[in-house]
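Peer 1: My structure is stored as work-v8.pdb, with PDB, C-alpha atoms and all ligand atoms.
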```pdb
ATOM      1  CA  MET H  19       0.000   0.000   0.000
ATOM      2  CA  GLY H  20       1.472   3.359  -1.050
ATOM      3  CA  ALA H  21       1.462   6.733   0.629
ATOM      4  CA  ILE H  22      -1.602   7.917  -1.305
ATOM      5  CA  ASP H  23      -3.672   4.912  -0.205
ATOM      6  CA  LEU H  24      -2.458   5.277   3.346
ATOM      7  CA  HIS H  25      -2.765   9.007   3.834
ATOM      8  CA  ALA H  26      -4.928  10.820   1.259
ATOM      9  CA  ARG H  27      -7.856  12.083   3.311
ATOM     10  CA  ALA H  28      -9.033  15.656   2.861
ATOM     11  CA  SER H  29     -10.156  17.663   5.892
ATOM     12  CA  ALA H  30     -13.782  18.834   5.853
ATOM     13  CA  ASP H  31     -12.534  22.378   5.195
ATOM     14  CA  PHE H  32      -9.845  21.403   2.675
ATOM     15  CA  GLU H  33     -11.230  23.557  -0.146
ATOM     16  CA  ALA H  34     -11.146  26.633   2.117
ATOM     17  CA  LYS H  35      -7.560  25.849   3.141
ATOM     18  CA  LEU H  36      -6.539  25.389  -0.485
ATOM     19  CA  ALA H  37      -8.117  28.718  -1.441
ATOM     20  CA  GLU H  38      -6.311  30.408   1.466
ATOM     21  CA  THR H  39      -3.002  28.875   0.355
ATOM     22  CA  GLN H  40      -3.513  30.009  -3.226
ATOM     23  CA  ARG H  41      -4.402  33.541  -2.116
ATOM     24  CA  LEU H  42      -1.312  33.675   0.075
ATOM     25  CA  LEU H  43       0.994  32.513  -2.732
ATOM     26  CA  VAL H  44      -0.459  35.068  -5.166
ATOM     27  CA  ARG H  45      -0.128  37.818  -2.541
ATOM     28  CA  ALA H  46       3.426  36.753  -1.682
ATOM     29  CA  ALA H  47       4.480  36.868  -5.332
ATOM     30  CA  ALA H  48       3.136  40.428  -5.560
ATOM     31  CA  GLU H  49       4.176  41.824  -2.187
ATOM     32  CA  PHE H  50       7.209  40.000  -0.898
ATOM     33  CA  THR H  51       9.528  39.855  -3.885
ATOM     34  CA  PRO H  52      12.186  38.800  -4.324
ATOM     35  CA  LEU H  53      11.244  35.498  -2.796
ATOM     36  CA  LYS H  54      11.966  31.824  -3.394
ATOM     37  CA  GLN H  55      10.543  28.491  -2.374
ATOM     38  CA  ALA H  56      12.842  26.226  -0.352
ATOM     39  CA  SER H  57      12.179  22.638  -1.380
ATOM     40  CA  SER H  58      13.421  19.428   0.207
ATOM     41  CA  LEU H  59      11.415  17.593  -2.462
ATOM     42  CA  GLY H  60       9.264  16.159   0.306
ATOM     43  CA  ALA H  61       5.479  15.844  -0.015
ATOM     44  CA  GLU H  62       4.651  19.343   1.240
ATOM     45  CA  ASP H  63       7.239  20.953  -1.004
ATOM     46  CA  VAL H  64       6.136  19.202  -4.188
ATOM     47  CA  VAL H  65       2.593  20.437  -3.465
ATOM     48  CA  ILE H  66       3.806  24.035  -3.145
ATOM     49  CA  THR H  67       5.911  23.801  -6.312
ATOM     50  CA  HIS H  68       2.883  22.376  -8.122
ATOM     51  CA  LEU H  69       0.772  25.337  -6.955
ATOM     52  CA  ILE H  70       3.451  27.858  -7.984
ATOM     53  CA  ASN H  71       3.464  26.339 -11.462
ATOM     54  CA  LEU H  72      -0.328  26.017 -11.637
ATOM     55  CA  LEU H  73      -0.764  29.671 -10.696
ATOM     56  CA  ALA H  74       2.074  30.678 -13.075
ATOM     57  CA  LEU H  75       3.785  32.628 -10.313
ATOM     58  CA  ASP H  76       7.285  33.991 -10.776
ATOM     59  CA  ILE H  77       8.721  32.273  -7.717
ATOM     60  CA  PRO H  78      11.955  30.326  -8.213
ATOM     61  CA  VAL H  79      12.375  27.070  -6.323
ATOM     62  CA  PHE H  80      15.656  26.069  -4.713
ATOM     63  CA  VAL H  81      16.923  22.731  -3.436
ATOM     64  CA  LEU H  82      19.853  22.177  -1.091
ATOM     65  CA  GLU H  83      21.722  19.271  -2.655
ATOM     66  CA  THR H  84      23.783  18.332   0.392
ATOM     67  CA  GLY H  85      25.816  15.602  -1.300
ATOM     68  CA  ALA H  86      24.118  13.079   0.992
ATOM     69  CA  LEU H  87      20.632  12.796  -0.526
ATOM     70  CA  HIS H  88      18.977   9.494  -1.441
ATOM     71  CA  PRO H  89      19.114   8.425  -5.121
ATOM     72  CA  GLN H  90      15.288   8.668  -5.174
ATOM     73  CA  THR H  91      15.483  12.319  -4.137
ATOM     74  CA  LEU H  92      18.137  13.102  -6.751
ATOM     75  CA  ALA H  93      16.002  11.445  -9.429
ATOM     76  CA  LEU H  94      12.983  13.537  -8.365
ATOM     77  CA  LEU H  95      15.160  16.646  -8.491
ATOM     78  CA  GLU H  96      16.040  15.857 -12.118
ATOM     79  CA  ARG H  97      12.398  15.275 -13.020
ATOM     80  CA  THR H  98      11.362  18.494 -11.274
ATOM     81  CA  GLN H  99      14.003  20.507 -13.114
ATOM     82  CA  ALA H 100      12.741  19.061 -16.388
ATOM     83  CA  SER H 101       9.042  19.653 -15.742
ATOM     84  CA  SER H 102       8.819  22.843 -13.673
ATOM     85  CA  ARG H 103       7.822  26.146 -15.256
ATOM     86  CA  ALA H 104       9.399  27.947 -12.308
ATOM     87  CA  PRO H 105      13.205  27.781 -12.351
ATOM     88  CA  VAL H 106      14.657  25.138 -10.019
ATOM     89  CA  GLU H 107      17.982  26.210  -8.545
ATOM     90  CA  VAL H 108      20.381  23.783  -6.865
ATOM     91  CA  TYR H 109      22.727  24.897  -4.105
ATOM     92  CA  ARG H 110      25.575  22.625  -3.012
ATOM     93  CA  PRO H 111      28.021  22.885  -0.102
ATOM     94  CA  ALA H 112      31.547  24.197  -0.652
ATOM     95  CA  PRO H 113      33.430  21.047  -1.779
ATOM     96  CA  GLU H 114      36.587  21.831   0.207
ATOM     97  CA  ALA H 115      34.590  22.300   3.428
ATOM     98  CA  VAL H 116      32.958  18.871   2.995
ATOM     99  CA  VAL H 117      36.248  17.161   2.123
ATOM    100  CA  GLN H 118      38.028  18.684   5.123
ATOM    101  CA  PHE H 119      35.184  17.835   7.523
ATOM    102  CA  VAL H 120      34.956  14.225   6.364
ATOM    103  CA  ALA H 121      38.763  13.813   6.428
ATOM    104  CA  ARG H 122      38.884  15.189   9.973
ATOM    105  CA  GLU H 123      35.760  13.648  11.506
ATOM    106  CA  GLY H 124      34.847  10.711   9.241
ATOM    107  CA  GLN H 125      31.725   9.864   7.204
ATOM    108  CA  ASP H 126      29.699   8.972  10.307
ATOM    109  CA  ALA H 127      30.555  11.996  12.447
ATOM    110  CA  MET H 128      26.873  12.978  12.822
ATOM    111  CA  TYR H 129      26.186   9.924  14.982
ATOM    112  CA  ARG H 130      28.957  10.730  17.485
ATOM    113  CA  SER H 131      27.649  13.982  18.930
ATOM    114  CA  ILE H 132      25.018  16.653  18.418
ATOM    115  CA  ALA H 133      27.832  19.171  17.932
ATOM    116  CA  LEU H 134      29.300  17.153  15.046
ATOM    117  CA  ARG H 135      25.854  16.609  13.542
ATOM    118  CA  LYS H 136      25.210  20.335  13.666
ATOM    119  CA  ALA H 137      28.660  21.028  12.184
ATOM    120  CA  CYS H 138      27.782  18.748   9.258
ATOM    121  CA  CYS H 139      24.390  20.475   8.835
ATOM    122  CA  GLY H 140      26.188  23.811   8.991
ATOM    123  CA  ILE H 141      28.475  22.907   6.108
ATOM    124  CA  ARG H 142      26.019  20.961   3.962
ATOM    125  CA  LYS H 143      22.809  22.928   4.625
ATOM    126  CA  LEU H 144      23.115  26.224   6.454
ATOM    127  CA  GLU H 145      25.926  27.803   4.461
ATOM    128  CA  PRO H 146      24.288  26.903   1.112
ATOM    129  CA  LEU H 147      20.941  28.125   2.524
ATOM    130  CA  GLU H 148      22.429  31.523   3.285
ATOM    131  CA  ARG H 149      23.745  31.706  -0.281
ATOM    132  CA  ALA H 150      20.330  30.687  -1.634
ATOM    133  CA  LEU H 151      18.554  33.345   0.429
ATOM    134  CA  ALA H 152      21.028  36.198  -0.015
ATOM    135  CA  GLY H 153      19.129  39.322  -1.069
ATOM    136  CA  GLN H 154      15.702  37.686  -0.667
ATOM    137  CA  LYS H 155      12.881  39.539   1.047
ATOM    138  CA  ALA H 156      11.004  36.348   1.840
ATOM    139  CA  TRP H 157      11.075  32.590   1.447
ATOM    140  CA  ILE H 158       8.427  29.916   1.245
ATOM    141  CA  THR H 159       8.614  26.696   3.242
ATOM    142  CA  GLY H 160       6.502  23.579   3.643
ATOM    143  CA  LEU H 161       6.282  23.797   7.444
ATOM    144  CA  ARG H 162       3.024  22.551   8.928
ATOM    145  CA  ARG H 163       1.835  22.861  12.511
ATOM    146  CA  GLU H 164       1.055  19.173  12.694
ATOM    147  CA  GLN H 165       4.645  18.113  11.908
ATOM    148  CA  SER H 166       6.024  18.365  15.454
ATOM    149  CA  SER H 167       5.504  20.086  18.781
ATOM    150  CA  ALA H 168       8.271  22.535  17.842
ATOM    151  CA  ARG H 169       6.176  23.570  14.826
ATOM    152  CA  ALA H 170       2.788  23.654  16.582
ATOM    153  CA  GLU H 171       2.443  27.423  16.292
ATOM    154  CA  VAL H 172       3.853  27.993  12.816
ATOM    155  CA  PRO H 173       2.056  31.045  11.345
ATOM    156  CA  LEU H 174       1.104  31.477   7.686
ATOM    157  CA  VAL H 175       3.356  34.545   7.517
ATOM    158  CA  ASP H 176       6.219  34.626  10.013
ATOM    159  CA  HIS H 177       7.915  37.972  10.679
ATOM    160  CA  GLU H 178      10.020  36.730  13.570
ATOM    161  CA  ASP H 179      13.334  36.748  11.677
ATOM    162  CA  VAL H 180      12.861  40.111   9.979
ATOM    163  CA  ALA H 181      14.852  42.028  12.603
ATOM    164  CA  LYS H 182      17.671  39.481  12.393
ATOM    165  CA  ASN H 183      18.028  38.890   8.661
ATOM    166  CA  GLY H 184      15.351  41.023   7.001
ATOM    167  CA  ARG H 185      13.458  37.994   5.703
ATOM    168  CA  ILE H 186       9.808  36.981   6.051
ATOM    169  CA  LYS H 187       9.053  33.275   6.134
ATOM    170  CA  ILE H 188       5.855  32.195   4.398
ATOM    171  CA  ASN H 189       4.325  28.840   5.357
ATOM    172  CA  PRO H 190       1.354  28.384   3.010
ATOM    173  CA  LEU H 191       0.572  24.860   4.244
ATOM    174  CA  ALA H 192       0.752  25.736   7.949
ATOM    175  CA  ASN H 193      -2.887  24.681   8.470
ATOM    176  CA  TRP H 194      -2.835  21.596   6.267
ATOM    177  CA  THR H 195      -2.972  18.079   7.635
ATOM    178  CA  TRP H 196      -0.870  15.198   6.286
ATOM    179  CA  GLY H 197      -4.114  13.866   4.798
ATOM    180  CA  ASP H 198      -4.680  17.192   2.997
ATOM    181  CA  VAL H 199      -1.179  17.059   1.496
ATOM    182  CA  TRP H 200      -1.725  13.577   0.108
ATOM    183  CA  HIS H 201      -5.237  14.384  -1.047
ATOM    184  CA  TYR H 202      -3.788  17.238  -3.124
ATOM    185  CA  ILE H 203      -1.049  14.972  -4.520
ATOM    186  CA  GLN H 204      -3.622  12.357  -5.488
ATOM    187  CA  ALA H 205      -6.175  14.782  -6.923
ATOM    188  CA  ASN H 206      -3.575  16.576  -9.047
ATOM    189  CA  GLY H 207      -1.325  13.673 -10.013
ATOM    190  CA  VAL H 208       1.695  15.373  -8.453
ATOM    191  CA  ASP H 209       5.049  13.577  -8.872
ATOM    192  CA  TYR H 210       6.451  12.691  -5.447
ATOM    193  CA  ASN H 211       9.402  11.019  -3.780
ATOM    194  CA  PRO H 212       8.924   7.216  -3.776
ATOM    195  CA  LEU H 213      10.578   7.131  -0.355
ATOM    196  CA  HIS H 214       7.181   8.200   0.971
ATOM    197  CA  ASP H 215       5.833   4.855  -0.224
ATOM    198  CA  ALA H 216       8.534   3.188   1.911
ATOM    199  CA  PHE H 217       7.339   4.911   5.124
ATOM    200  CA  PHE H 218       9.622   7.937   5.037
ATOM    201  CA  PRO H 219       7.277  10.824   5.964
ATOM    202  CA  SER H 220      10.073  13.386   6.178
ATOM    203  CA  ILE H 221      12.760  13.544   3.483
ATOM    204  CA  GLY H 222      16.313  14.488   4.403
ATOM    205  CA  CYS H 223      19.898  13.288   3.964
ATOM    206  CA  ALA H 224      20.309   9.516   3.617
ATOM    207  CA  PRO H 225      22.481   9.004   6.737
ATOM    208  CA  CYS H 226      20.029  10.940   8.902
ATOM    209  CA  THR H 227      16.627   9.742   7.675
ATOM    210  CA  ARG H 228      14.957   6.389   8.255
ATOM    211  CA  ALA H 229      11.564   4.830   7.717
ATOM    212  CA  ILE H 230       9.092   4.996  10.611
ATOM    213  CA  SER H 231       6.679   2.406  11.947
ATOM    214  CA  LEU H 232       2.923   2.758  12.312
ATOM    215  CA  GLY H 233       2.162   4.981  15.284
ATOM    216  CA  GLU H 234       5.584   6.621  15.435
ATOM    217  CA  ASP H 235       5.814  10.397  15.526
ATOM    218  CA  PHE H 236       5.981  12.192  12.167
ATOM    219  CA  ARG H 237       9.619  13.254  12.617
ATOM    220  CA  ALA H 238      10.751  10.097  14.419
ATOM    221  CA  GLY H 239      12.735   9.140  11.324
ATOM    222  CA  ARG H 240      14.948  12.244  11.445
ATOM    223  CA  TRP H 241      18.081  12.163  13.686
ATOM    224  CA  TRP H 242      16.410   9.356  15.601
ATOM    225  CA  TRP H 243      19.422   8.861  17.876
ATOM    226  CA  GLU H 244      19.012  12.372  19.348
ATOM    227  CA  ASP H 245      16.641  13.875  21.926
ATOM    228  CA  GLU H 246      13.472  15.356  20.465
ATOM    229  CA  ALA H 247      14.471  18.897  21.499
ATOM    230  CA  ALA H 248      17.591  18.870  19.291
ATOM    231  CA  LYS H 249      15.823  17.687  16.153
ATOM    232  CA  GLU H 250      16.074  20.607  13.790
ATOM    233  CA  CYS H 251      18.888  21.118  11.311
ATOM    234  CA  GLY H 252      19.020  24.869  11.925
ATOM    235  CA  LEU H 253      16.941  25.862   8.897
ATOM    236  CA  HIS H 254      13.885  26.511  11.057
ATOM    237  CA  VAL H 255      15.284  26.836  14.588
ATOM    238  CA  LYS H 256      14.249  29.825  16.649
ATOM    239  CA  ASP H 257      16.858  31.770  18.623
ATOM    240  CA  THR H 258      15.454  30.639  21.960
ATOM    241  CA  GLU H 259      15.903  27.020  20.875
ATOM    242  CA  LYS H 260      19.389  27.542  19.451
ATOM    243  CA  THR H 261      20.755  28.482  22.855
ATOM    244  CA  THR H 262      19.462  25.341  24.525
ATOM    245  CA  ALA H 263      19.873  22.777  21.714
TER     246      ALA H 263
HETATM  247  S1  LIG H 301      21.137  15.885   7.874
HETATM  248 FE1  LIG H 301      22.891  14.533   8.377
HETATM  249  S2  LIG H 301      24.111  14.269   6.499
HETATM  250 FE2  LIG H 301      22.640  15.976   6.189
HETATM  251  S3  LIG H 301      23.818  17.773   6.636
HETATM  252 FE3  LIG H 301      22.770  17.224   8.561
HETATM  253  S4  LIG H 301      24.159  15.823   9.675
HETATM  254 FE4  LIG H 301      24.942  16.041   7.563
END
```
In C-alpha cells, how does this file's structure come out?
Ligand code: SF4
Peer 2:
Amino acid sequence: MGAIDLHARASADFEAKLAETQRLLVRAAAEFTPLKQASSLGAEDVVITHLINLLALDIPVFVLETGALHPQTLALLERTQASSRAPVEVYRPAPEAVVQFVAREGQDAMYRSIALRKACCGIRKLEPLERALAGQKAWITGLRREQSSARAEVPLVDHEDVAKNGRIKINPLANWTWGDVWHYIQANGVDYNPLHDAFFPSIGCAPCTRAISLGEDFRAGRWWWEDEAAKECGLHVKDTEKTTA
C-alpha cells in the first residue's frame, strides 16, 4: 500500500484551506519579492511547487543538494528541473569544506555527537541556505503545525526573523494536515518522492533519515538517535531554541 492509499484524506474544510493557500501565494508573489521556495522535495514541497506552477507565479524554487541525498530524491530533483515552469535552482556545499570535515571527523561523524551533527548540517545545509537566500525579502517553506511540537504554532506569515536577517518566512501549508497534502497529490497527479511509499514521511539526507513504523511520531525518522528537542537542522530553529539545543 502506497502513501496515497495510506494518507490521502481531505479535511472537511480542505477547499477553504486550499483557497487560502492560493491567495497567500499570489499575494506573496506580488508583495514580498524577491522570494523563493525552499524545497526538500518532500510531499509538502512538491505540493507548493505544483501550486506555484499552476498559478504561473514567478517564484523560483531552490533545493539544497547536500551531497548526501537518497538516489530517489536526486532522481525527483532531475524530473522536477525538467518539468517545472518555475526555475529550479540547486545549491551545493563548498566542496573543500565537505572534504576537510569528512577527512577530519569521518563519514559517520553525525552519529557521534550533536555538535558534530550540527557542524555537518552547517556545512552541507546552512551555508548553502544563506547563499540561496542572499538578497531575498522572503522565502516559502513547507512547514506545517502538525509536523512536530516545535512547529505547533507555525504562522502562515512569520515575521520573527525580519529584525535578524530582514526575511519573512511564508508557510502556506501551515494549516494543512498530512491527509490534505496527500489528497492534493492524489487529486492533481503530483510527482512525489517514492521514499514516501517506503514509510519515510520526512525527506532528508540519507544518513540521517529512516523509515518509521505505524504509530511513530511524524519526525521520528529524522536524527532518531538524538533527543526530540535537538531535532532541527538549523533551517527553522528559533533563537530561543538555538541556545538550549
Ligand atoms: S542531515 Fe545529516 S548528512 Fe545531512 S547535513 Fe545534517 S548531519 Fe549532515
Peer 1: Just so the selection is clear, what residues does the PyMOL selection byres (((chain H and resi 102-117) around 7) and not hetatm) cover here, as an MDAnalysis selection string?
Peer 2: chainID H and resid 71 76:84 98:101 118:121 141:142 146 150
Peer 1: Please report the interatomic distance between CA of Ile203 (chain H) and CA of Asp31 (chain H) in Å with one decimal.
Peer 2: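 We find that CA of Ile203 (chain H) and CA of Asp31 (chain H) lie 16.8 Å from each other.
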Peer 1: Quick one: of H:Glu96, H:Glu145, H:Glu234, H:Glu38, who's nearest to ligand LIG 301 (chain H), counting all atoms listed in the file?
Peer 2: H:Glu145
Peer 1: Between CA of Ala86 (chain H) and CA of Ala26 (chain H), measure the distance and give it in Å to one decimal.
Peer 2: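 Spanning CA of Ala86 (chain H) to CA of Ala26 (chain H) is a straight-line distance of 29.1 Å.
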Peer 1: Counting only C-alpha atoms and all ligand atoms, name the residues that have an atom within 7 Å of an atom of ligand LIG 301 (chain H); the answer should be given as a ChimeraX atom specification.
Peer 2: /H:84,86,128,135-136,138-143,222-226,251
Peer 1: Any idea what the distance is between CA of Glu171 (chain H) and CA of Asn189 (chain H)?
Peer 2: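 These atoms are spaced 11.2 Å apart.
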Peer 1: If the PyMOL selection byres (((chain H and resi 70) around 12) and not hetatm) is run on the structure shown, which residues does it catch, given as an MDAnalysis selection string?
Peer 2: chainID H and resid 39:47 54:55 63:69 71:79 102:106 158 190
Peer 1: For Arg237 (chain H), please output as an NGL selection string all residues within 8 Å (counting all atoms listed in the file; exclusion window: fewer than 3 positions along the same chain).
Peer 2: :H and (165-166 or 219-220 or 240)
Peer 1: Please produce an output containing C-alpha atoms for each residue in the selection, written as a PDB file, in the coordinates of the input.
Peer 2:
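result.pdb, freshly written:
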```
ATOM      1  CA  GLN H 165       4.645  18.113  11.908  1.00  0.00           C
ATOM      2  CA  SER H 166       6.024  18.365  15.454  1.00  0.00           C
ATOM      3  CA  PRO H 219       7.277  10.824   5.964  1.00  0.00           C
ATOM      4  CA  SER H 220      10.073  13.386   6.178  1.00  0.00           C
ATOM      5  CA  ARG H 240      14.948  12.244  11.445  1.00  0.00           C
TER       6      ARG H 240
END
```
Peer 1: Taking into account only C-alpha atoms, which residue in the set H:Leu87, H:Met19, H:Ile188, H:Ala133 is nearest to Leu59 (chain H)?
Peer 2: H:Leu87
Peer 1: Padding 6 Å on every side, please: axis-aligned box over the listed atoms of region 150-163 of chain H, centre and edge lengths to one decimal in Å, as AutoDock Vina command-line options.
Peer 2:
```
--center_x 11.4 --center_y 31.0 --center_z 5.4 --size_x 31.2 --size_y 29.0 --size_z 26.1
```
Peer 1: Which neighbours of Asn183 (chain H) fall inside 10 Å, counting all atoms listed in the file, when residues of the same chain fewer than 3 positions from it are skipped, and could you give them as a count of residues only?
Peer 2: 9
Peer 1: Do you know which residues lie at most 9 Å from (22.6, 6.1, 18.9), with coordinates as in the file and only C-alpha atoms counted, and could you write them as JSON, numbers by chain?
Peer 2: {"H": [129, 130, 242, 243, 244]}
Peer 1: Tell me which residues the PyMOL selection byres (((chain H and resi 164) around 9) and not hetatm) grabs here, as an NGL selection string.
Peer 2: :H and (161-163 or 165-167 or 169-170 or 192-196 or 236)
